[in-house]
Amino acid sequence: MPAAVPDSAALVVDGVSKTFRVPRDRVLTLKERALHPFRGTKYDSFDALRDVTFQVDQGEWFGIVGRNGSGKSTLLKCIAGIYATDAGRIALRGKLSPFIELGVGFNPNLRARDNVTINAIMLGLTPEEARARFDAVIEFAELGEFVELKLKNYSSGMHVRLAFAVMVQVDADVLLIDEVLAVGDAAFQQKCYDTLQSKREEGRTVLFVTHDMNTVERTCDRALLLDRGHVVDLGDPTSVSREYNRINFDRPTTAEAGGDESHSGTGGATIVDAWFEDEHGERTGTLFQGKPCAFHSIVEIREHTVDPVFGFVLMDDQHRRVFATTTTWQKQETGTYEPGDRVELSVGFENWFAGGRYNASPFVAHKGLGAEVMDQRHDFVSVAIIGSHEGGGVVDLPHDVGLRRVDQETPAASPSEIGK
Amino acid sequence: MSAEAGRATPAAYEVTGPSAFTGDFRRFLALTRILAVTEWKLRFFDSALGYLWTLMRPALFFGVLYLVFSLIVEIGEDVAHYPSLLLTGMVIYFFFQESTTSAVTAVVDNENLVRKIHFPRMAIPMSVVLTATFALCLNLVVLLGLVLINRVTPRISWLELIPVLGILLVFTIGVAAILSALYVRARDLAPIWDVTTQALFYLTPVLFPIQLVIERSSETVANLLMVNPLAALIQQARHAIVGPSQPSAAEAIGGAPRLLIPLGIVFVTFAFGLWIFQRMAPKIAEEL
């Protein structure tokens, strides 16, 4: 029965559910079977996908995001036909890339030359095509000198380059990619993006799973947010990424479950909420460079406290402390608080940070230098800063660049003249 | 955003999930071949003698067995061409043993592929059998050499080896499919199969010629042994190679109609193997 797939669609996922049966005590051995012949294995069922419905248009870049265990990879595997679905249907238009990861089947003990052929065939090329495109693969990967080298002698970067280069040769209309572009050097990453971009311009569709909201916002046309197998949000990547940050960080139970990892301090106060606001005072997970913005945190006091210190630390994705401030310098007398009081801290600043992902760790400490911490929530809020250009520094301060040609004909004094 | 590069809109189709044979047949063959060739290349990887080991291993084993049985136990004294009979049995039996033993863990060994790529799952047990077939071909060359040294005159019945090996292949594929499908659920299969193949080695007339059974035991026992498809195939191969001095499989089992039993076992095994593999295929990726 032909599926009702609109002409513009590359992929239709309609009401797809997938439940895994997770055995409580997996009976794997005959001995156990023999000892307990009538005890059926008890299974817990785990709903990895629940009634997932969406459609991807041809030529679209579609991001699938969600926390670990939210069902992203399961969804990709169902689409690829690696897992059978329990309910619903998936319809495709065009040839699908049958793999979800790069470099599958690479064997460290074989030369790169053999691995390229093997991998290409596994990814769906015929042996003739694989041989014919071998040179193109090596050229793209820029690994011409290393084709005779065994793969175990490759660096991880070279590995990825080779894998990506093979993938480029696969003539799929719909590409499925699970977290791939995170490795490789910057130049090669750019090359990968450019290649995927040109595939998109050819009308090919790219579905990819990622944790990186920056990538989603920068590259995707639309995105899908999964949480515990449900579709939580679908559409504009910016709003999806905001929603992702919200469910990721606003979940009090999760923060508490993290226990000592996310909290530290004496417990005299608790930070209950924190967020960033854009220039319109809207709560956001994304800030644009050059615009005013603000950091807010809400602290609930648990014990009688006089003049506590409030503050926060902002770190970039390499855990470098790029900005930190407290109430100490501007407002020493913060007041006297009783248990149950709530205080909101707000720090307004102009955002001159370089593009990237940042994490803010708010804290509250006893009076003094801020060393006696009552509560600190590490990496409590995550924010993506969208830079207008990339200078390579930690900050992009507003600046002017001047340039003047310096005349070499009229030096003030040449060394030889001084000698005379 | 939409396709404007002038490409024709491809037809829509449903995604049906994993199975044993889906997709086009050429891809199935290409995958089976590439998996087998890779395995073959890696087998003697980094060893000084390389492929020679494929020949050396059975040759050395053959040498030991020949010495023990022909010179010490003196089995082969009154049987014509005993070395040829011994090697024929070994080549056939080792092909079966090697295929099935690697088939047991094959799906699990290729876990990475099964979990990351959509492909006809049957390619995995098939590739294992194919790798063993490469070794079989090399060993047949050696067998031929030995048979000639053993002063067996070439005869037209050597061509019978083709259908015999064909049936052997069908049987082996069936067993390989069953084992690789079941191992995913019951990991004990590996040691069980290990013991089974060893027991089977002695139950199959590999070391001893069937005449010996008839002489020292009874004809009924010989008939019963022939119910085992491997025994019947080996016997027929011996008959084909050395000629009438060896009874054919039909003679050994006591009449051609009785051959339907081992043949039936072969084809039932094959059909059951494909059926069970097809049944397990959709779930294999999840259960690894």
# chains A, B, ... in the order shown; residues from 1 in each chain; ligands from 1
$ residues_around --residues "region 235-245 of chain A" --least-positions-apart "3" --cutoff "7 Å" --atoms "only C-alpha atoms" --output "list in words"
Gly66, Met213, Val216, Glu217, Cys220, Asp221, Arg222, Ala223, Leu224, Leu225, Asn248, Phe249, Thr284, Gly285 and Ser382 of chain A
$ interface_residues --of "chain A" --to "chain B" --cutoff "7 Å" --atoms "only C-alpha atoms" --output "PyMOL selection string"
chain A and resi 3+5+28-30+57-60+78-84+90-94+98-101+104-105+118+121-122+126-127+202-203
$ closest_residue --among "A:Lys331, A:Arg21, A:Asn107, A:Glu129" --to "Asn153 (chain A)" --atoms "only C-alpha atoms"
A:Asn107
$ atom_distance --atom1 "CA of Ala135 (chain B)" --atom2 "CA of Gly174 (chain B)"
19.1 Å
$ select_by_dssp --residues "region 158-349 of chain A" --states "strand (DSSP E or B)" --output "count of residues only"
75
$ residues_around --residues "region 191-206 of chain B" --least-positions-apart "5" --cutoff "9 Å" --atoms "only C-alpha atoms" --output "list in words"
Leu85, Leu86, Leu87, Thr88, Gly89, Met90, Ile92, Tyr93, Gln97, Thr100, Thr101, Val104, Leu179, Val213, Leu225, Met226, Asn228, Leu230, Ala231, Ala232, Ile234 and Gln235 of chain B
$ residues_around --residues "His366 (chain A)" --least-positions-apart "2" --cutoff "12 Å" --atoms "only C-alpha atoms" --output "count of residues only"
35
$ residues_around --residues "Ser180 (chain B)" --least-positions-apart "3" --cutoff "7 Å" --atoms "only C-alpha atoms" --output "NGL selection string"
:B and (103-107 or 125 or 176-177 or 183)
$ write_last_selection --atoms "N, CA and C atoms" --output "PDB file, in the first residue's frame"
ATOM      1  N   ALA B 103      30.717 -19.555  13.014  1.00  0.00           N
ATOM      2  CA  ALA B 103      29.359 -19.029  12.867  1.00  0.00           C
ATOM      3  C   ALA B 103      28.710 -18.772  14.222  1.00  0.00           C
ATOM      4  N   VAL B 104      29.039 -19.585  15.212  1.00  0.00           N
ATOM      5  CA  VAL B 104      28.407 -19.432  16.528  1.00  0.00           C
ATOM      6  C   VAL B 104      28.529 -17.989  17.007  1.00  0.00           C
ATOM      7  N   THR B 105      29.739 -17.462  17.019  1.00  0.00           N
ATOM      8  CA  THR B 105      29.935 -16.124  17.570  1.00  0.00           C
ATOM      9  C   THR B 105      29.903 -15.033  16.499  1.00  0.00           C
ATOM     10  N   ALA B 106      29.655 -15.410  15.245  1.00  0.00           N
ATOM     11  CA  ALA B 106      29.809 -14.442  14.149  1.00  0.00           C
ATOM     12  C   ALA B 106      28.994 -13.169  14.336  1.00  0.00           C
ATOM     13  N   VAL B 107      27.722 -13.321  14.687  1.00  0.00           N
ATOM     14  CA  VAL B 107      26.870 -12.134  14.798  1.00  0.00           C
ATOM     15  C   VAL B 107      27.366 -11.231  15.928  1.00  0.00           C
ATOM     16  N   PRO B 125      26.428 -14.956   8.720  1.00  0.00           N
ATOM     17  CA  PRO B 125      26.768 -16.390   8.672  1.00  0.00           C
ATOM     18  C   PRO B 125      27.250 -16.833   7.294  1.00  0.00           C
ATOM     19  N   ALA B 176      25.090 -23.182  10.240  1.00  0.00           N
ATOM     20  CA  ALA B 176      25.678 -21.884  10.589  1.00  0.00           C
ATOM     21  C   ALA B 176      24.583 -20.867  10.932  1.00  0.00           C
ATOM     22  N   ALA B 177      23.503 -20.872  10.145  1.00  0.00           N
ATOM     23  CA  ALA B 177      22.414 -19.926  10.388  1.00  0.00           C
ATOM     24  C   ALA B 177      21.754 -20.198  11.738  1.00  0.00           C
ATOM     25  N   TYR B 183      22.819 -18.109  19.221  1.00  0.00           N
ATOM     26  CA  TYR B 183      23.868 -17.699  20.147  1.00  0.00           C
ATOM     27  C   TYR B 183      23.565 -16.342  20.792  1.00  0.00           C
TER      28      TYR B 183
END
$ atom_distance --atom1 "CA of Leu125 (chain A)" --atom2 "CA of Val170 (chain A)"
6.7 Å
$ closest_residue --among "A:Arg204, A:Gly124, A:Ala365, A:Val147" --to "Asp24 (chain B)" --atoms "only C-alpha atoms"
A:Gly124
$ select_by_dssp --residues "region 195-257 of chain B" --states "helix (DSSP H, G or I)" --output "MDAnalysis selection string"
chainID B and resid 195:203 210:216 219:225 229:242 249:253 256:257
$ atom_distance --atom1 "CA of Phe380 (chain A)" --atom2 "CA of Val313 (chain A)"
10.3 Å
$ residues_around --residues "Tyr358 (chain A)" --least-positions-apart "2" --cutoff "7 Å" --atoms "only C-alpha atoms" --output "list in words"
Leu314, Met315, Asp316, Asp317, Gly356, Ala360, Ser382, Val383 and Ala384 of chain A
$ write_last_selection --atoms "N, CA and C atoms" --output "CSV table (one decimal), in the first residue's frame"
chain,number,residue,atom,x,y,z
A,314,LEU,N,31.4,32.7,35.3
A,314,LEU,CA,31.1,32.2,33.9
A,314,LEU,C,32.3,31.5,33.3
A,315,MET,N,32.1,30.3,32.9
A,315,MET,CA,33.2,29.6,32.3
A,315,MET,C,32.9,29.2,30.8
A,316,ASP,N,33.9,29.1,30.0
A,316,ASP,CA,33.7,28.7,28.6
A,316,ASP,C,33.7,27.2,28.6
A,317,ASP,N,33.6,26.7,27.4
A,317,ASP,CA,33.5,25.2,27.2
A,317,ASP,C,34.8,24.5,27.5
A,356,GLY,N,30.2,30.8,21.4
A,356,GLY,CA,30.5,29.5,22.0
A,356,GLY,C,29.5,29.2,23.1
A,360,ALA,N,27.3,29.0,33.6
A,360,ALA,CA,27.4,29.9,34.7
A,360,ALA,C,27.2,29.1,36.0
A,382,SER,N,23.4,27.0,31.2
A,382,SER,CA,24.2,27.0,30.0
A,382,SER,C,23.7,28.0,29.1
A,383,VAL,N,24.6,28.7,28.4
A,383,VAL,CA,24.1,29.7,27.5
A,383,VAL,C,25.0,29.7,26.2
A,384,ALA,N,24.3,29.8,25.1
A,384,ALA,CA,25.1,29.9,23.9
A,384,ALA,C,25.2,31.3,23.4
$ closest_residue --among "A:Val272, A:Leu345, A:Ala87, A:Cys192" --to "Val52 (chain A)" --atoms "only C-alpha atoms"
A:Ala87
$ residues_around --residues "Leu274 (chain B)" --least-positions-apart "4" --cutoff "10 Å" --atoms "only C-alpha atoms" --output "list of chain:residue names"
B:Ala20, B:Phe21, B:Met122, B:Ile173, B:Gly174, B:Val175, B:Ala176, B:Ala177, B:Ile178, B:Ala181, B:Val268, B:Thr269, B:Phe270, B:Gln278, B:Arg279, B:Met280
